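*Asks:* Supplied structure: run-v1.txt, compact mmCIF, C-alpha atoms.
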```
# COMPACT_ATOMS: atom_id res chain seq x y z
CA MET A 1 0.00 0.00 0.00
CA ALA A 2 2.79 2.42 0.93
CA ILE A 3 4.66 1.60 -2.28
CA MET A 4 1.61 2.51 -4.38
CA LEU A 5 0.94 5.71 -2.43
CA PRO A 6 3.37 6.97 0.26
CA GLY A 7 1.59 7.71 3.53
CA ALA A 8 -1.43 5.55 2.69
CA ALA A 9 -0.76 3.03 5.44
CA HIS A 10 -0.56 5.81 8.02
CA ALA A 11 -3.81 7.34 6.83
CA PHE A 12 -5.72 4.02 6.79
CA SER A 13 -4.52 3.24 10.32
CA GLY A 14 -5.91 6.55 11.57
CA HIS A 15 -2.71 8.66 11.56
CA TRP A 16 -3.84 11.19 8.95
CA LYS A 17 -1.37 13.94 9.81
CA THR A 18 1.60 11.57 9.67
CA GLY A 19 0.38 10.16 6.36
CA ILE A 20 0.03 13.61 4.81
CA VAL A 21 3.50 14.64 6.02
CA TRP A 22 5.00 11.41 4.66
CA TYR A 23 3.31 11.87 1.28
CA PHE A 24 4.48 15.45 0.82
CA ALA A 25 7.98 14.55 2.02
CA CYS A 26 8.24 11.85 -0.66
CA SER A 27 6.80 14.17 -3.32
CA LEU A 28 9.25 16.93 -2.45
CA ALA A 29 12.13 14.43 -2.51
CA LEU A 30 11.08 13.40 -6.03
CA LEU A 31 10.93 17.01 -7.21
CA LEU A 32 14.30 17.69 -5.57
CA CYS A 33 15.74 14.69 -7.40
CA SER A 34 14.33 16.01 -10.68
CA SER A 35 15.74 19.47 -10.00
CA VAL A 36 19.22 18.04 -9.50
CA LEU A 37 19.07 15.72 -12.49
CA TYR A 38 17.69 18.40 -14.80
CA SER A 39 19.84 21.21 -13.44
CA PRO A 40 21.13 23.65 -16.06
CA TYR A 41 24.39 23.89 -14.11
CA PRO A 42 27.24 21.44 -14.79
CA LEU A 43 27.18 18.49 -12.40
CA SER A 44 29.63 15.63 -12.36
CA SER A 45 28.28 12.13 -12.93
CA THR A 46 29.68 11.15 -9.51
CA THR A 47 27.61 13.86 -7.81
CA ILE A 48 24.45 12.73 -9.61
CA ILE A 49 25.06 9.04 -8.83
CA ILE A 50 25.74 9.65 -5.12
CA PHE A 51 22.66 11.86 -4.81
CA VAL A 52 20.29 9.44 -6.54
CA GLN A 53 21.64 6.38 -4.74
CA SER A 54 21.34 8.11 -1.36
CA LEU A 55 17.79 9.20 -2.11
CA VAL A 56 16.72 5.71 -3.22
CA ILE A 57 18.27 4.03 -0.17
CA ILE A 58 16.76 6.55 2.28
CA TYR A 59 13.36 6.22 0.61
CA PHE A 60 13.16 2.43 0.78
CA VAL A 61 14.62 2.15 4.30
CA SER A 62 12.19 4.79 5.58
CA LEU A 63 9.29 3.19 3.74
CA PHE A 64 9.77 -0.25 5.27
CA LEU A 65 10.59 1.05 8.75
CA SER A 66 7.70 3.48 9.08
CA SER A 67 4.89 2.21 6.86
CA TYR A 68 4.19 -1.28 8.21
CA ARG A 69 1.15 -1.12 10.47
CA PRO A 70 -2.27 -2.83 10.72
CA THR A 71 -4.96 -1.24 8.55
CA ARG A 72 -8.69 -1.64 8.14
CA GLN A 73 -10.10 -4.22 5.75
CA LEU A 74 -11.00 -2.38 2.55
CA GLY A 75 -13.01 -4.95 0.63
CA TYR A 76 -13.21 -5.05 -3.17
CA SER A 77 -14.83 -1.64 -3.60
CA GLY A 78 -12.46 -0.05 -1.09
CA TRP A 79 -9.40 -1.35 -2.92
CA ALA A 80 -10.82 -0.19 -6.24
CA VAL A 81 -11.29 3.34 -4.88
CA PHE A 82 -7.83 3.30 -3.31
CA LEU A 83 -6.14 2.16 -6.53
CA LEU A 84 -7.92 4.85 -8.56
CA PHE A 85 -6.96 7.49 -6.01
CA ALA A 86 -3.33 6.30 -5.91
CA PHE A 87 -3.18 6.35 -9.70
CA ALA A 88 -4.57 9.90 -9.85
CA ILE A 89 -2.13 11.23 -7.26
CA ASN A 90 0.92 9.53 -8.79
CA PHE A 91 -0.09 10.64 -12.28
CA SER A 92 -0.25 14.24 -11.03
CA ILE A 93 3.27 14.04 -9.59
CA GLU A 94 4.63 12.46 -12.78
CA THR A 95 2.99 15.22 -14.82
CA VAL A 96 4.71 17.89 -12.74
CA ASN A 97 7.99 16.01 -13.10
CA GLU A 98 7.59 15.85 -16.89
CA MET A 99 6.72 19.55 -17.04
CA LEU A 100 9.91 20.33 -15.15
CA TRP A 101 11.93 18.20 -17.58
CA ASN A 102 10.37 19.87 -20.63
CA ARG A 103 10.83 23.33 -19.16
CA ILE A 104 14.53 22.90 -18.39
CA GLY A 105 16.12 21.62 -21.56
CA THR A 106 19.76 21.76 -20.45
CA HIS A 107 19.70 18.87 -17.97
CA ASN A 108 22.84 16.75 -17.74
CA ALA A 109 21.38 13.38 -16.83
CA PHE A 110 18.23 11.49 -16.01
CA ILE A 111 17.38 8.07 -14.66
CA ILE A 112 15.32 5.45 -16.44
CA ARG A 113 14.14 1.92 -15.71
CA ALA A 114 15.32 -0.94 -17.91
CA THR A 115 12.60 -2.66 -19.93
CA GLY A 116 12.73 -6.02 -21.62
CA PHE A 117 15.62 -8.42 -22.05
CA SER A 118 17.44 -6.96 -25.05
CA MET A 119 20.62 -6.13 -23.12
CA ASP A 120 20.85 -9.22 -20.91
CA PRO A 121 22.95 -9.80 -18.91
CA ILE A 122 24.52 -6.30 -18.78
CA VAL A 123 21.28 -4.35 -18.19
CA THR A 124 18.14 -6.29 -17.42
CA SER A 125 14.57 -6.17 -16.19
CA VAL A 126 14.44 -9.94 -15.71
CA GLN A 127 13.79 -9.34 -12.00
CA ILE A 128 10.23 -8.03 -12.35
CA TYR A 129 10.08 -6.32 -8.97
CA CYS A 130 13.64 -4.95 -9.11
CA PRO A 131 14.48 -4.00 -12.71
CA ASP A 132 17.75 -2.19 -13.24
CA ILE A 133 17.57 1.59 -12.92
CA VAL A 134 20.29 3.35 -14.88
CA VAL A 135 21.77 6.83 -15.21
CA VAL A 136 21.64 8.30 -18.73
CA ASN A 137 24.29 11.01 -19.17
CA THR A 138 22.96 13.50 -21.71
CA SER A 139 26.12 15.62 -21.67
CA SER A 140 28.22 12.75 -23.09
CA TYR A 141 27.18 13.51 -26.66
CA LYS A 142 26.92 17.29 -26.50
CA LEU A 143 30.53 17.74 -27.61
CA ASN A 144 31.41 14.22 -28.77
CA ASN A 145 29.72 11.72 -31.07
CA PRO A 146 28.63 8.26 -29.87
CA ARG A 147 31.44 5.72 -29.82
CA ARG A 148 31.30 2.09 -30.82
CA GLY A 149 30.48 -0.01 -27.78
CA ASP A 150 28.50 2.67 -25.91
CA ILE A 151 25.10 1.73 -24.51
CA ALA A 152 22.96 4.56 -25.80
CA VAL A 153 19.41 5.81 -25.34
CA PHE A 154 17.66 6.92 -28.48
CA PHE A 155 14.21 8.21 -29.30
CA VAL A 156 11.89 6.29 -31.60
CA GLU A 157 9.35 8.45 -33.39
CA LYS A 158 7.07 5.46 -34.10
CA ASN A 159 5.88 5.08 -30.52
CA GLY A 160 7.45 8.01 -28.76
CA SER A 161 9.34 5.90 -26.22
CA PHE A 162 12.91 5.75 -25.03
CA LEU A 163 14.82 2.55 -25.75
CA VAL A 164 17.65 2.08 -23.27
CA GLU A 165 19.18 -1.28 -23.94
CA LYS A 166 20.94 -0.78 -27.28
CA ARG A 167 24.65 -0.74 -28.01
CA VAL A 168 26.30 1.41 -30.67
CA VAL A 169 27.65 -1.03 -33.27
CA GLY A 170 27.86 0.75 -36.63
CA LEU A 171 29.22 4.26 -37.20
CA PRO A 172 28.48 6.73 -40.02
CA ASN A 173 29.45 5.69 -43.56
CA GLU A 174 30.12 2.06 -42.54
CA THR A 175 28.56 -1.02 -44.13
CA ILE A 176 26.91 -3.35 -41.61
CA GLU A 177 26.24 -7.05 -42.06
CA ILE A 178 25.50 -9.94 -39.72
CA GLN A 179 26.86 -13.44 -40.24
CA TYR A 180 26.08 -15.48 -37.16
CA PRO A 181 27.55 -15.07 -34.61
CA TYR A 182 29.45 -12.00 -35.80
CA VAL A 183 28.70 -8.46 -36.89
CA LEU A 184 30.73 -7.48 -39.95
CA ILE A 185 31.88 -3.89 -40.38
CA ASN A 186 32.98 -3.20 -43.96
CA GLY A 187 33.41 -6.95 -44.37
CA GLU A 188 35.56 -7.45 -41.24
CA LYS A 189 34.48 -9.23 -38.04
CA LEU A 190 33.75 -6.81 -35.22
CA LEU A 191 35.89 -7.83 -32.23
CA VAL A 192 36.91 -4.45 -30.76
CA PRO A 193 36.01 -3.17 -28.19
CA PRO A 194 36.29 -6.59 -26.45
CA ILE A 195 32.59 -6.67 -25.56
CA PHE A 196 31.82 -7.57 -29.18
CA ALA A 197 34.17 -10.56 -29.10
CA LYS A 198 32.52 -11.63 -25.85
CA ILE A 199 29.00 -11.38 -27.29
CA SER A 200 30.06 -13.36 -30.38
CA SER A 201 31.74 -16.06 -28.27
CA GLY A 202 28.47 -17.54 -27.01
CA LYS A 203 29.84 -17.65 -23.46
CA ASP A 204 28.80 -16.06 -20.14
CA GLY A 205 25.15 -15.81 -21.15
CA TYR A 206 25.74 -14.41 -24.65
CA VAL A 207 24.58 -16.18 -27.81
CA GLY A 208 26.09 -14.10 -30.63
CA TYR A 209 24.42 -11.88 -33.24
CA VAL A 210 21.65 -13.12 -35.51
CA ASP A 211 20.14 -11.55 -38.62
CA ALA A 212 16.54 -10.38 -38.24
CA LYS A 213 15.46 -12.85 -40.95
CA ASP A 214 16.46 -15.70 -38.60
CA MET A 215 14.51 -14.43 -35.59
CA GLY A 216 11.11 -15.77 -36.64
CA TYR A 217 9.06 -12.69 -35.78
CA LEU A 218 8.52 -9.13 -37.01
CA GLU A 219 9.69 -10.25 -40.45
CA HIS A 220 7.65 -7.49 -42.08
CA GLN A 221 9.68 -4.89 -40.19
CA ARG A 222 13.18 -6.20 -40.74
CA VAL A 223 15.85 -4.17 -42.48
CA ALA A 224 17.68 -5.88 -45.31
CA LEU A 225 21.40 -6.38 -44.64
CA PRO A 226 24.05 -5.47 -45.59
CA ILE A 227 23.26 -1.79 -45.22
CA THR A 228 25.49 1.26 -45.66
CA LEU A 229 24.95 4.09 -43.19
CA SER A 230 24.81 7.75 -44.18
CA SER A 231 27.05 10.43 -42.66
CA ASP A 232 24.73 11.02 -39.68
CA GLU A 233 23.41 7.50 -38.98
CA TYR A 234 24.31 4.86 -36.39
CA PHE A 235 23.44 1.17 -36.16
CA LEU A 236 22.44 0.02 -32.65
CA LEU A 237 21.89 -3.58 -31.53
CA GLY A 238 20.89 -5.32 -28.32
CA ASP A 239 23.44 -7.63 -26.71
CA ASN A 240 20.77 -10.33 -26.35
CA SER A 241 20.42 -10.46 -30.12
CA PRO A 242 17.60 -13.05 -30.53
CA ASN A 243 15.38 -11.08 -28.13
CA SER A 244 15.97 -7.51 -29.20
CA ILE A 245 14.09 -5.07 -31.40
CA ASP A 246 16.75 -2.67 -32.65
CA SER A 247 18.24 -1.28 -35.86
CA ARG A 248 17.56 -4.62 -37.57
CA HIS A 249 13.87 -3.67 -37.36
CA LEU A 250 13.82 0.08 -36.72
CA GLY A 251 16.56 0.96 -39.17
CA PRO A 252 19.62 3.17 -38.65
CA VAL A 253 19.31 5.79 -35.90
CA PRO A 254 19.87 9.45 -36.82
CA ARG A 255 22.48 11.28 -34.74
CA ASP A 256 19.95 13.78 -33.39
CA ALA A 257 17.73 10.94 -32.10
CA ILE A 258 20.43 9.70 -29.70
CA VAL A 259 19.86 11.49 -26.40
CA GLY A 260 22.49 10.10 -24.05
CA LYS A 261 24.84 7.39 -22.86
CA VAL A 262 23.99 4.84 -20.16
CA THR A 263 26.84 5.18 -17.68
CA ARG A 264 25.89 3.30 -14.53
CA ILE A 265 23.36 0.99 -12.88
CA ILE A 266 22.27 2.59 -9.59
CA PHE A 267 19.56 0.16 -8.45
CA PRO A 268 19.04 -2.52 -7.13
CA PRO A 269 22.00 -2.33 -4.69
CA TRP A 270 23.45 -5.72 -5.66
CA ARG A 271 23.62 -4.65 -9.32
CA ILE A 272 25.31 -1.24 -8.84
CA ARG A 273 28.25 -0.80 -11.22
CA GLU A 274 29.75 1.35 -13.94
CA LEU A 275 28.95 0.48 -17.56
```
Using structure tokens, write down the structure that the file contains.

*Replies:*
Amino acid sequence: MAIMLPGAAHAFSGHWKTGIVWYFACSLALLLCSSVLYSPYPLSSTTIIIFVQSLVIIYFVSLFLSSYRPTRQLGYSGWAVFLLFAFAINFSIETVNEMLWNRIGTHNAFIIRATGFSMDPIVTSVQIYCPDIVVVNTSSYKLNNPRRGDIAVFFVEKNGSFLVEKRVVGLPNETIEIQYPYVLINGEKLLVPPIFAKISSGKDGYVGYVDAKDMGYLEHQRVALPITLSSDEYFLLGDNSPNSIDSRHLGPVPRDAIVGKVTRIIFPPWRIREL
């Protein structure tokens, strides 16, 4: 209950004032987090990571220590009303957060939750209740272009969603081809940086790269390979090749559609590491 709506357990147990204080404290913490992440002033990635990690840890520790208490039985109708109310409140906070993001266009980083299995085992949402939460550094590509091997976030106009788990494989003006288990760049096997050799090896949870025509689904969307990129296009692929929708289906990604580089996993605690 407290996870769906902070302070709800307090309110339902009769402690209305405590519940209201807890709710507004969590809301203000979220807005403070947004203000830091979207700050127009230069912030180091270390500062952002420490701030977000501290906030997440404090939030969950406080939630579990203070929110467990007996509450009244709600019944089916009571739970329906509560869920609708929780949705409305959380939607309002997310709307304010999005307005802040859109208003301040010079932010340096933001956090995003991993979805799907396209970047297993590096970045994953396989743990349904604890998907990886990552930092996306938007300043990485303000002065420099994406580099081969980066895990990048790019914007897809088709559905208006961010796709986190894609790695930069092909650079402008290169010819890309896939011959299982390798990616070929201008006819040569891609083995550098070492992550590409590891993916192609079929070891440590990797299975190599497959052509979209061998995946058995979304055949009507696949891009014919080999393909030669233009001067402002990049080819991005998921590490978990058989379970990824990427440039093999969406096509090359324009430079201006790439919004940032995934630099670190910050949650859950046992998955924290640099990328």

*Asks:* Quick one: pull the distance between CA of Pro121 in chain A and CA of Lys213 in chain A, Å, one decimal.

*Replies:*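 Separation between CA of Pro121 in chain A and CA of Lys213 in chain A: 23.5 Å.
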
*Asks:* Using only C-alpha atoms, which of A:Phe154, A:Trp270, A:Phe196, A:Tyr209 sits nearest Glu233 in chain A?

*Replies:*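 When distances to Glu233 in chain A are compared using only C-alpha atoms, the smallest one comes from A:Phe154.
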
*Asks:* What does the distance from CA of Ser247 in chain A to CA of Phe235 in chain A come to in Å, to one decimal?

*Replies:*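 So the two atoms, CA of Ser247 in chain A and CA of Phe235 in chain A, lie 5.8 Å apart.
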
*Asks:* Kindly give the distance, in Å, that separates CA of Phe155 in chain A and CA of Asp256 in chain A, rounded to a single decimal.

*Replies:*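 Between CA of Phe155 in chain A and CA of Asp256 in chain A the gap works out to 9.0 Å.
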
*Asks:* Using only C-alpha atoms, give me every residue within 7 Å of (15.5, -10.2, -34.9) in file coordinates, as a PyMOL selection string.

*Replies:* chain A and resi 210-215+217+241-245+248

*Asks:* Neighbouring residues of Pro194 in chain A were defined as those with any atom within 12 Å, considering all atoms listed in the file; residues of the same chain fewer than 6 positions away were excluded. Please report them as a list in words.

*Replies:* Arg148, Gly149, Ser200 and Ser201 of chain A

*Asks:* May I have the residues within 7 Å of range 135-142 of chain A as a PyMOL selection string, using all atoms listed in the file and disregarding those fewer than 2 positions away in the same chain?

*Replies:* chain A and resi 108-112+144-146+259-265

*Asks:* For Pro268 in chain A, which of A:Val134, A:Ala29, A:Ala88, A:Leu83 is the closest residue, counting only C-alpha atoms?

*Replies:*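 So, comparing all the options, the nearest one is A:Val134.
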
*Asks:* Need the shell around Tyr206 in chain A: protein/DNA/RNA residues with any atom at most 7 Å away, counting all atoms listed in the file. Skip same-chain ones fewer than 4 positions apart. Format as a ChimeraX atom specification?

*Replies:* /A:199,202,240
